[in-house]
Amino acid sequence: MKRLTLILAAAFALPAFAEAPAKPEKAVVCAACHGETGVSTQPIYPNLAGQYRNYLEHALHEYRDGTRKAAIMGAQAAGLTDDDIKALAAYFAAQPGPLYTPSVHGK
């Protein structure tokens, strides 16, 4: 039983040792609005850090093909390849996202 517990503990601990994806070169453009690590400093730009990888991939594909409408993002995504999109999504998904806790007393 102890051996099974150790094997299970090791199996679930493996993702913690995985290396974070390298910062893609094209992330420099994203940083202008979304922040260096995907945490925006302006409330009009969404945070990318900590988002689900598949959500980011779908959003970028939709901006690129025009099914999701946003003039700025459509123009930014137009030149991205599928590999660019995967790399950007993996990078921003791996970044620690900001914790948002709504104020209880409106402060």
# chains A, B, ... in the order shown; residues from 1 in each chain; ligands from 1
>>> residues_around(residues="Ala93 in chain A", least_positions_apart="2", cutoff="8 Å", atoms="only C-alpha atoms", output="ChimeraX atom specification")
/A:48-53,56,89-91,95-96
>>> closest_residue(among="A:Ala94, A:Asp65, A:Asp84, A:Glu19", to="Gly38 in chain A", atoms="only C-alpha atoms")
A:Ala94
>>> closest_residue(among="A:Leu80, A:Pro43, A:Thr37, A:His58", to="Ala22 in chain A", atoms="only C-alpha atoms")
A:Thr37
>>> residues_around(residues="Gln76 in chain A", least_positions_apart="3", cutoff="9 Å", atoms="only C-alpha atoms", output="number ranges by chain")
A: 29-30, 63-64, 71-73, 79-80
>>> write_last_selection(atoms="all heavy atoms", output="PDB file, in the first residue's frame")
ATOM      1  N   VAL A  29       4.671  42.015 -28.812  1.00  0.00           N
ATOM      2  CA  VAL A  29       3.557  42.818 -29.319  1.00  0.00           C
ATOM      3  C   VAL A  29       2.384  42.767 -28.335  1.00  0.00           C
ATOM      4  O   VAL A  29       1.753  43.789 -28.066  1.00  0.00           O
ATOM      5  CB  VAL A  29       3.125  42.322 -30.719  1.00  0.00           C
ATOM      6  CG1 VAL A  29       1.917  43.082 -31.224  1.00  0.00           C
ATOM      7  CG2 VAL A  29       4.282  42.451 -31.696  1.00  0.00           C
ATOM      8  N   CYS A  30       2.116  41.609 -27.777  1.00  0.00           N
ATOM      9  CA  CYS A  30       1.006  41.439 -26.820  1.00  0.00           C
ATOM     10  C   CYS A  30       1.229  42.300 -25.576  1.00  0.00           C
ATOM     11  O   CYS A  30       0.277  42.826 -24.982  1.00  0.00           O
ATOM     12  CB  CYS A  30       0.881  39.983 -26.396  1.00  0.00           C
ATOM     13  SG  CYS A  30       0.715  38.796 -27.737  1.00  0.00           S
ATOM     14  N   TYR A  63     -10.031  35.488 -33.847  1.00  0.00           N
ATOM     15  CA  TYR A  63      -9.617  36.834 -34.265  1.00  0.00           C
ATOM     16  C   TYR A  63      -8.975  36.780 -35.649  1.00  0.00           C
ATOM     17  O   TYR A  63      -9.245  37.615 -36.508  1.00  0.00           O
ATOM     18  CB  TYR A  63      -8.630  37.457 -33.278  1.00  0.00           C
ATOM     19  CG  TYR A  63      -9.238  37.924 -31.986  1.00  0.00           C
ATOM     20  CD1 TYR A  63      -8.720  37.509 -30.761  1.00  0.00           C
ATOM     21  CD2 TYR A  63     -10.321  38.792 -31.961  1.00  0.00           C
ATOM     22  CE1 TYR A  63      -9.268  37.944 -29.574  1.00  0.00           C
ATOM     23  CE2 TYR A  63     -10.879  39.236 -30.775  1.00  0.00           C
ATOM     24  CZ  TYR A  63     -10.344  38.804 -29.583  1.00  0.00           C
ATOM     25  OH  TYR A  63     -10.890  39.233 -28.402  1.00  0.00           O
ATOM     26  N   ARG A  64      -8.127  35.781 -35.848  1.00  0.00           N
ATOM     27  CA  ARG A  64      -7.406  35.662 -37.118  1.00  0.00           C
ATOM     28  C   ARG A  64      -8.355  35.404 -38.284  1.00  0.00           C
ATOM     29  O   ARG A  64      -8.207  35.996 -39.349  1.00  0.00           O
ATOM     30  CB  ARG A  64      -6.366  34.548 -37.031  1.00  0.00           C
ATOM     31  CG  ARG A  64      -5.506  34.446 -38.285  1.00  0.00           C
ATOM     32  CD  ARG A  64      -4.480  33.357 -38.190  1.00  0.00           C
ATOM     33  NE  ARG A  64      -5.137  32.059 -38.221  1.00  0.00           N
ATOM     34  CZ  ARG A  64      -4.507  30.908 -38.079  1.00  0.00           C
ATOM     35  NH1 ARG A  64      -3.205  30.882 -37.858  1.00  0.00           N
ATOM     36  NH2 ARG A  64      -5.150  29.768 -38.122  1.00  0.00           N
ATOM     37  N   ALA A  71     -11.275  45.067 -34.027  1.00  0.00           N
ATOM     38  CA  ALA A  71     -10.370  45.624 -35.034  1.00  0.00           C
ATOM     39  C   ALA A  71      -8.900  45.462 -34.660  1.00  0.00           C
ATOM     40  O   ALA A  71      -8.090  45.017 -35.480  1.00  0.00           O
ATOM     41  CB  ALA A  71     -10.705  47.094 -35.273  1.00  0.00           C
ATOM     42  N   ILE A  72      -8.548  45.810 -33.435  1.00  0.00           N
ATOM     43  CA  ILE A  72      -7.139  45.740 -33.031  1.00  0.00           C
ATOM     44  C   ILE A  72      -6.663  44.289 -32.991  1.00  0.00           C
ATOM     45  O   ILE A  72      -5.627  43.941 -33.548  1.00  0.00           O
ATOM     46  CB  ILE A  72      -6.915  46.429 -31.666  1.00  0.00           C
ATOM     47  CG1 ILE A  72      -7.155  47.932 -31.811  1.00  0.00           C
ATOM     48  CG2 ILE A  72      -5.514  46.149 -31.139  1.00  0.00           C
ATOM     49  CD1 ILE A  72      -7.161  48.688 -30.510  1.00  0.00           C
ATOM     50  N   MET A  73      -7.431  43.426 -32.360  1.00  0.00           N
ATOM     51  CA  MET A  73      -7.007  42.030 -32.241  1.00  0.00           C
ATOM     52  C   MET A  73      -7.033  41.316 -33.589  1.00  0.00           C
ATOM     53  O   MET A  73      -6.190  40.451 -33.855  1.00  0.00           O
ATOM     54  CB  MET A  73      -7.869  41.279 -31.217  1.00  0.00           C
ATOM     55  CG  MET A  73      -7.509  41.598 -29.789  1.00  0.00           C
ATOM     56  SD  MET A  73      -5.752  41.319 -29.406  1.00  0.00           S
ATOM     57  CE  MET A  73      -5.552  39.599 -29.822  1.00  0.00           C
ATOM     58  N   GLY A  79      -1.396  37.948 -38.800  1.00  0.00           N
ATOM     59  CA  GLY A  79      -0.114  37.400 -39.231  1.00  0.00           C
ATOM     60  C   GLY A  79       0.386  36.222 -38.413  1.00  0.00           C
ATOM     61  O   GLY A  79       1.496  35.753 -38.638  1.00  0.00           O
ATOM     62  N   LEU A  80      -0.420  35.734 -37.481  1.00  0.00           N
ATOM     63  CA  LEU A  80       0.024  34.621 -36.641  1.00  0.00           C
ATOM     64  C   LEU A  80      -0.180  33.287 -37.341  1.00  0.00           C
ATOM     65  O   LEU A  80      -1.222  33.043 -37.949  1.00  0.00           O
ATOM     66  CB  LEU A  80      -0.746  34.613 -35.313  1.00  0.00           C
ATOM     67  CG  LEU A  80      -0.551  35.808 -34.383  1.00  0.00           C
ATOM     68  CD1 LEU A  80      -1.453  35.691 -33.169  1.00  0.00           C
ATOM     69  CD2 LEU A  80       0.905  35.931 -33.962  1.00  0.00           C
TER      70      LEU A  80
END
>>> atom_distance(atom1="CA of Asp82 in chain A", atom2="CA of Gln42 in chain A")
27.9 Å
